[in-house]
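Since the structure comes first, as C-alpha cells, the remarks are kept for the end.
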Amino acid sequence: MSQSEAEVSRLFDRTLAGLKEAVRGLIGGDGLDPDPDLTKGDAERIRERLWACLEGRGGEVSARNRAAELGRAYLQLSQTGRRRYLTILATEFDRDPASVEQAMAALATVPPEGRAAAEDALRDALSAPRERLLRQFNALAGGVKFLVDLRYDLMRFAPEDAALPGLEKDLKRLLASWFDAGFLELRRIDWNAPASLLERLINYEAVHAIRSWQDLKNRLDSDRRCYAFFHPSMPDEPLIFVEVALETGLADNVHALLDEESPVGDASRANTAVFYSISNAQRGLAGIALGDFLIKRVVDDLRAELPNLKTFATLSPIPGFGRWLEQNPDEGVEAALAKPQWWEDPETAEGAKGPVLRTVARYLVHAKREGRAADPVAHFHLSNGARMERLNWLANVSETGRAQSAGVMINYLYRSDLIEANHEAYKGEGRIAMSSSVRALAGKQERKPR
C-alpha cells in the first residue's frame with residue numbers, strides 16, 4: 001500500500017466506526033458484505049438496496065437501516081469497488097432528461113393559475129434521485145463525515161471517469177448548503193484540548209509540519225493562538241484551522257516563529273497578529289468557502305481579547321513559484337541558486353537575493369490564471385481583501401520552502417479600512433493591492449513578442 005493509499009485508508013477509519021454505530025440497533029437488512037472489488041453479483045445487491053432506499057420500503061426505520069448498511073458496505077470496498085459503486089450511483093440514479101424536458105414544456109404552456117404547480121414539477125424533475133440518497137446518508141450518525149469523505153473520493157476518481165463529475169457537483173452543492181458559515185462553531189484550541197483533537201491537528205497540518213508534541217505545545221503557548229471551525233454533525237473533527245503568532249511587528253522568518261527555544265512573549269504587549277498557517281482539514285470540502293470566514297471571525301475574537309493588536313497579517317508560502325519557474329526559466333535565478341547549499345553561504349545568498357526577489361515578485365503580480373493571481377495562496381488572500389505587503393528573503397529554507405519559492409515568503413496585510421475595496425477591485429478587475437516595495441520589485445509586465 002502506498003503512502004497516499006494508507007492516508008486515504010486512515011481517513012475513512014473514523015467514518016466507518018461512526019457508521020457501524022449507526023447500524024447497531026437498527027432492524028432489517030441482510031448485512032451487506034460485498035467483495036472488495038464489487039463484483040457483478042454484489043453490484044446488483046447494492047443497486048437493489050439503493051432502489052429500496054428511494055422507494056422507502058418497510059418504513060423509515062428500514063430505510064435508515066439500508067442507508068447505514070450501504071454506507072458501511074462502501075467503506076469496506078477497495079478503490080476499484082468504490083469507483084464501481086459511485087458509477088452506479090452516478091449513472092443509474094441521475095435525473096431523467098425526458099422528464100425534465102416534459103416539465104419544461106409544461107411550464108412554458110401552463111396558464112398563470114397553474115404556474116406554481118408546474119414550477120414545483122420542474123423542480124422535482126431537476127432533482128436527481130441520487131440527491132435523495134445522499135440526504136439519507138446525511139441523517140445517519142457519522143453520515144455527514146461519510147459524505148465529506150465520499151466527495152474526496154469523487155474528486156480523485158472524476159478526472160478519469162466522465163460519469164462522476166455530475167455526482168460530484170450534486171454533492172458539492174449539498175455540502176455547501178450544510179456547511180454554510182452560519183452553521184459553524186469557532187473554537188480556540190489550546191494545550192488542554194482532548195488528546196484526540198490535538199492529534200488531528202498534527203495529522204491535518206498542511207503548511208508547516210508539526211514535528212513533535214513539543215512542537216505542537218509551542219504553537220499553542222500563551223503567545224500563540226489556534227482557532228478552528230467545527231460543524232454540529234462533526235463536533236470532534238476540525239474543518240479548517242489557523243495558527244497565529246502574537247508579535248511586535250511583521251514576522252519575516254518562519255523558523256524564528258516556530259523556534260521551540262525562543263522565550264514566550266507577552267501576548268498583552270503584542271501589536272501584530274501573524275497568521276502563519278491555514279490548513280483545510282477535510283479535503284472533501286475543497287472549493288467550499290470556509291477560510292475567508294475563519295479569518296474574519298478570528299480577527300474579531302483577537303480584537304476583543306487583545307485590544308493592543310493593531311496589525312493583522314500573514315507570513316505565507318508561495319507554493320506555485322517553483323513550478324512556474326520550471327516553465328518560465330530565468331538564467332539569472334538559476335545561476336544564483338546553482339551553488340550547493342547556497343542559502344548557508346552569506347556571500348552567495350546575498351548575491352542571489354536581488355534576482356530571486358524580483359522574479360518572485362513578477363510571478364506573484366503578473367502570472368495569471370483566468371485573469372486572477374496564478375499562485376493559489378495569493379489568490380486566496382487577495383480574494384479576501386488583503387494586500388501584498390512585503391517579500392521576506394530566506395524566510396523558510398527548509399527543503400519544502402526552497403522547492404516552493406527559493407526560501408522566500410510573503411506578508412499579506414489585512415487593513416480593515418481597505419479590505420472591502422481591495423476585495424472588490426480584485427474580484428471585479430483582477431487588480432492586485434500591493435505595497436510600493438512589492439510594486440518596485442515586480443516592475444512592469446514584460447510583453448511577449450508576437
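By convention in this document, the chains of the C-alpha cells carry letters A, B, ... by their order, each chain's residues are numbered from 1, and ligands are numbered from 1 in the order they are shown.
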
*DSSP on the backbone: what in range 296-398 of chain A comes out helix (DSSP H, G or I), as a count of residues only?*
55

So that I can see what lies close to range 428-433 of chain A, please list as an MDAnalysis selection string the residues with an atom at most 9 Å from it, counting only C-alpha atoms and leaving out residues fewer than 5 positions away in the same chain.
chainID A and resid 365 371:373 382 385:389 422:423

Could you turn the residues from that selection into a file that holds N, CA and C atoms, as a compact mmCIF listing (two decimals), in the first residue's frame?
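Wrote result-v6.txt, looks like this:
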# COMPACT_ATOMS: atom_id res chain seq x y z
N VAL A 365 2.73 39.04 -9.04
CA VAL A 365 1.94 40.16 -9.55
C VAL A 365 1.45 39.92 -10.97
N GLY A 371 -7.32 35.48 -15.44
CA GLY A 371 -7.40 36.87 -15.03
C GLY A 371 -7.12 37.14 -13.56
N ARG A 372 -6.77 36.10 -12.81
CA ARG A 372 -6.50 36.26 -11.38
C ARG A 372 -5.11 35.73 -11.08
N ALA A 373 -4.62 36.02 -9.88
CA ALA A 373 -3.28 35.58 -9.49
C ALA A 373 -3.14 34.07 -9.64
N LEU A 382 -5.86 37.63 -1.61
CA LEU A 382 -6.32 38.78 -2.38
C LEU A 382 -7.84 38.77 -2.51
N GLY A 385 -9.41 40.36 0.41
CA GLY A 385 -9.20 41.79 0.62
C GLY A 385 -7.86 42.18 1.20
N ALA A 386 -6.91 41.25 1.23
CA ALA A 386 -5.57 41.58 1.73
C ALA A 386 -4.75 42.25 0.63
N ARG A 387 -3.62 42.80 1.02
CA ARG A 387 -2.69 43.33 0.01
C ARG A 387 -1.33 42.69 0.20
N MET A 388 -0.59 42.59 -0.90
CA MET A 388 0.78 42.09 -0.84
C MET A 388 1.65 43.16 -0.18
N GLU A 389 2.21 42.83 0.98
CA GLU A 389 2.91 43.85 1.75
C GLU A 389 4.42 43.77 1.62
N ASN A 422 -10.25 46.49 -1.56
CA ASN A 422 -9.29 45.56 -2.19
C ASN A 422 -10.00 44.35 -2.77
N HIS A 423 -10.96 43.82 -2.02
CA HIS A 423 -11.71 42.65 -2.49
C HIS A 423 -12.46 42.97 -3.77

Using only C-alpha atoms, the best pick from A:Arg82, A:Arg130, A:Lys296, A:Arg303 as closest to His381 in chain A would be A:Lys296

Of A:Leu50, A:Thr314, A:Glu331, A:Gly320, the one sitting nearest Tyr412 in chain A when using only C-alpha atoms is A:Thr314

key: Distance query Asp221 in chain A at most 9 Å, only C-alpha atoms, self and fewer than 6 positions along chain excluded, as a list in words   = Asp190, Trp191 and Val264 of chain A

Residue subset to file, keeping N, CA and C atoms, as a PDB file, in the first residue's frame:
ATOM      1  N   ASP A 190      -6.450  24.956  22.638  1.00  0.00           N
ATOM      2  CA  ASP A 190      -5.226  25.144  23.427  1.00  0.00           C
ATOM      3  C   ASP A 190      -4.702  23.784  23.879  1.00  0.00           C
ATOM      4  N   TRP A 191      -3.660  23.812  24.686  1.00  0.00           N
ATOM      5  CA  TRP A 191      -2.991  22.573  25.091  1.00  0.00           C
ATOM      6  C   TRP A 191      -3.884  21.690  25.961  1.00  0.00           C
ATOM      7  N   VAL A 264       8.901  32.804  25.577  1.00  0.00           N
ATOM      8  CA  VAL A 264       7.478  33.062  25.355  1.00  0.00           C
ATOM      9  C   VAL A 264       7.217  34.553  25.490  1.00  0.00           C
TER      10      VAL A 264
END

Find the residues of range 304-359 of chain A that sit at most 6 Å from range 272-295 of chain A; for each, write down the nearest two atoms and how far apart they are in Å, to one decimal. Count only C-alpha atoms. Sort by chain, then by number going up, and give it as a Markdown table.
| residue | atom | partner | partner_atom | distance |
| --- | --- | --- | --- | --- |
| A:Leu309 | CA | A:Thr272 | CA | 5.4 |
| A:Thr311 | CA | A:Thr272 | CA | 4.6 |
| A:Phe312 | CA | A:Ala273 | CA | 5.0 |
| A:Ala313 | CA | A:Val274 | CA | 5.1 |
| A:Thr314 | CA | A:Phe275 | CA | 4.4 |
| A:Leu315 | CA | A:Tyr276 | CA | 4.9 |

Which residues of range 234-305 of chain A come within 6 Å of range 390-397 of chain A, and what is each one's closest atom pair and distance in Å (one decimal), counting only C-alpha atoms, sorted by chain and residue number, as a tab-separated table?
residue	atom	partner	partner_atom	distance
A:Asp252	CA	A:Asn392	CA	5.6
A:Asn253	CA	A:Ala395	CA	4.1
A:Val254	CA	A:Ala395	CA	5.9

Serialized selection, C-alpha atoms, as a CSV table (one decimal), in the first residue's frame:
chain,number,residue,atom,x,y,z
A,252,ASP,CA,9.9,37.7,8.5
A,253,ASN,CA,11.1,34.2,9.3
A,254,VAL,CA,9.1,31.1,9.9

For range 144-160 of chain A: contacts at 10 Å, only C-alpha atoms, fewer than 4 positions along chain excluded, given as number ranges by chain: A: 8, 11-12, 14-16, 18-19, 71-72, 74-75, 79-80, 82-83, 86-87, 134-135, 137-140, 164-172, 174-175, 178, 231-234, 237, 282-286

Any chance you could list, as a list in words, the residues in range 232-337 of chain A that come up strand (DSSP E) when DSSP is run on the backbone?
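Listing strand (DSSP E) positions across range 232-337 of chain A yields Ile240, Phe241, Val242, Glu243, Val244, Ala245, Leu246, Glu247, Thr272, Ala273, Val274, Phe275, Tyr276, Ser277, Ile278, Ser279, Asn280, Thr311, Phe312, Ala313 and Thr314 of chain A.
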
| What is the CA of Asp42 in chain A to CA of Arg84 in chain A distance in Å? |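 A separation of 10.7 Å between them.
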